[in-house]
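Structure record follows, encoded as structure tokens.
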Amino acid sequence: MPASMVREAAPTFFTHPPLGDSIGDDVADWVGSLQLGNGEVFVPDENQRALLRAMFAGPAGVTYQTRDKKWASSQVAIVAPRQNLKTATLEMGVAAAVWLLDCRLCVWTAHLYNPAAAETFLHFKELIDCNPHLSRNVKRVLEASGGQGIELMNGARIKFQARSKNAGRSLSGDLIVMDEAYALSTAEAGALIPTRSARPNSQIWYGSSAGHFDSSQLRLIRDRGRVGARRQTYAEWCSTAECASERCTHDIGEPGCVLDDVAEWAKANPALGSRIDVDTIHDERASMSPPEFARERLGWWDEPSAGQVIPGPRWAACVTEGAIAGAVALFVDIALDRSQSVVAVCGADADGIPQVELAEMSPGTDWVTDRVSEIVGRNEVLAVGARSAGPVASLLPELDGVCKQAGTDFVKVGSGDFAGMCGGFFDAVYAHGVRHRNDPRIDAALTAAKRHQVVDAWTWERTKVDVDAAPLVAATGAFALFVQRARVTESDPLQNIW
């Protein structure tokens, strides 16, 4: 097979914000000067250069500490079959982030039962050992099992750890890397994503092969990324071809089967012909089951037989970059374990479509009343609501008092009424009658969401899910209250800034 046919395949899907003054080429040149342990240099190929341009796009002078200058992409996802380019690209980016771009804390995570994070740690040790201009800036290398890390003289750190639903809760990272993201649960995402919220210019990077049946978080990222999402870079290598027969068994030698098409292998594997050779993939085809080969070499996703309550593509279709203008409704909720509380808002965007946002989601409960009072005091608030029972019940008297003082209606929502709110929210998503700003906290709750049956209706399940439903409960309630109370007003689009 001609080498030109099997090398440097472009991504099947590649979406990103405008690159602007990207420093990606400078990063690629710097990385290309680094020595590896085998005597070679860490030279990015053309696909890796393109990814680095998107990862490090932003205005001139941008770093991880510039609050007034932001990276064009706050999220980056690279999905490709194994041994192609994704982990090496992430390693290149992390090296530049920490040594060049003032990243104070990078947390590199991988699946709890996968040695990927430990392997990456060894790769960084090798880079440090082989490059004096890196090693002289290193204060210490921590090698304790489960606590591997690198600390620089200036205090910057790279931590390598296995993911869990509690990992990262005490950290505040500028850069979170989630390798092997096919195994990323919504609970693990919920533990790590908020660690960057207080940082001036943070990013989350995902690396993965194609998703498995239970890759709900990665599937949500894919659904947004393939069509293009605000402040997200998404690159995916896969075959989109279909077999000649709808009843193809995918057995070796089946006429018209895509799994035997070397040209399709090339489209899904950008390293074919360089780091991976055709004979190796022939051997894999002979030894792997058809579904496994299709996923691991052609990038075909395992699609769940039963969908989410609200499928990812439906939710992704409601993303907006717009802002709320005018009057709003608020809804408050508290996590079952009382570890955090949520205040959601809903108001109309410039097109008059209801838009939901989280005004705040923070640890504890003692801040909630003051925050609601602050929002009510400086905005036109149609109503404030909360469930009449459950964790939030402890705040009902205080919230009622705040609303009475401000002359704002306070609504206590019972189970039956909240079931109606859930149904209305569900219908609005399917009708594109609600908009949101791609908030990962709501996304994570929605990805994990299940129905809790209430007579002949349903509400959001609170106990049998991996991620607490509080952000989704609050967003649903805020939407429903706004729809019930909304009125058309002339307003300043900059009036509401949370």
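Naming scheme: A, B, ... for chains in displayed order of the structure tokens; residues 1 onward per chain; ligands 1 onward as shown.
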
Do a neighbour search on segment 463-476 of chain A at 9 Å with only C-alpha atoms, toss out local chain neighbours closer than 5 positions, and write the hits as a count of residues only.
-> 45

Please report, as a PyMOL selection string, each residue of segment 165-404 of chain A to which DSSP assigns helix (DSSP H, G or I) when run on this structure's backbone.
-> chain A and resi 181-183+186-196+216-227+258-260+262-268+278-287+290-298+312-316+368-378+391-404

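Proximity to Pro270 of chain A was assessed for A:Ala241, A:Ala10, A:Val309, A:Ala329 counting only C-alpha atoms; the smallest distance is recorded for A:Ala10.
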
Leu85 of chain A surroundings by only C-alpha atoms, 10 Å radius, close-in-sequence under 3 positions cut, as a ChimeraX atom specification | /A:44-45,47-48,78-82,88-90,207,269-271,275

Determine, counting only C-alpha atoms, which protein, DNA and RNA residues have an atom within 8 Å of an atom of Leu175 of chain A; residues of the same chain fewer than 3 positions away are not included. Present the result as JSON, numbers by chain.
-> {"A": [103, 105, 106, 107, 196, 202, 203, 204, 205]}

Contacts of Ser245 of chain A at 9 Å or less, counting only C-alpha atoms, minus same-chain residues fewer than 6 places along, as number ranges by chain?
-> A: 255-257

Those same residues - N, CA and C atoms - I'd like them written as a PDB file, in the first residue's frame.
```
ATOM      1  N   PRO A 255     -17.718 -10.246   2.279  1.00  0.00           N
ATOM      2  CA  PRO A 255     -17.682  -9.280   1.172  1.00  0.00           C
ATOM      3  C   PRO A 255     -18.242  -7.920   1.585  1.00  0.00           C
ATOM      4  N   GLY A 256     -17.494  -6.870   1.274  1.00  0.00           N
ATOM      5  CA  GLY A 256     -17.951  -5.514   1.543  1.00  0.00           C
ATOM      6  C   GLY A 256     -17.872  -5.081   2.990  1.00  0.00           C
ATOM      7  N   CYS A 257     -17.189  -5.856   3.850  1.00  0.00           N
ATOM      8  CA  CYS A 257     -17.094  -5.493   5.271  1.00  0.00           C
ATOM      9  C   CYS A 257     -16.043  -4.406   5.469  1.00  0.00           C
TER      10      CYS A 257
END
```

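When the distance limit is 7 Å and only C-alpha atoms are what count, the residues near Asp349 of chain A, minus those fewer than 2 positions from it on the same chain, are Gly322, Ala323, Ile324, Ala325, Gly347, Asp351, Gly352, Ile353, Pro354 and Gln355 of chain A.
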
Residues from last step as file, C-alpha atoms, as a PDB file, in the first residue's frame:
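The result, written out as out.pdb:
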```
ATOM      1  CA  GLY A 322     -25.972  34.306  24.239  1.00  0.00           C
ATOM      2  CA  ALA A 323     -26.771  36.004  27.531  1.00  0.00           C
ATOM      3  CA  ILE A 324     -29.881  36.376  29.653  1.00  0.00           C
ATOM      4  CA  ALA A 325     -31.599  39.741  29.306  1.00  0.00           C
ATOM      5  CA  GLY A 347     -34.407  34.293  31.926  1.00  0.00           C
ATOM      6  CA  ASP A 351     -34.595  35.791  20.982  1.00  0.00           C
ATOM      7  CA  GLY A 352     -37.018  35.419  23.867  1.00  0.00           C
ATOM      8  CA  ILE A 353     -36.060  31.774  24.495  1.00  0.00           C
ATOM      9  CA  PRO A 354     -35.683  30.762  28.168  1.00  0.00           C
ATOM     10  CA  GLN A 355     -32.031  30.236  29.097  1.00  0.00           C
TER      11      GLN A 355
END
```
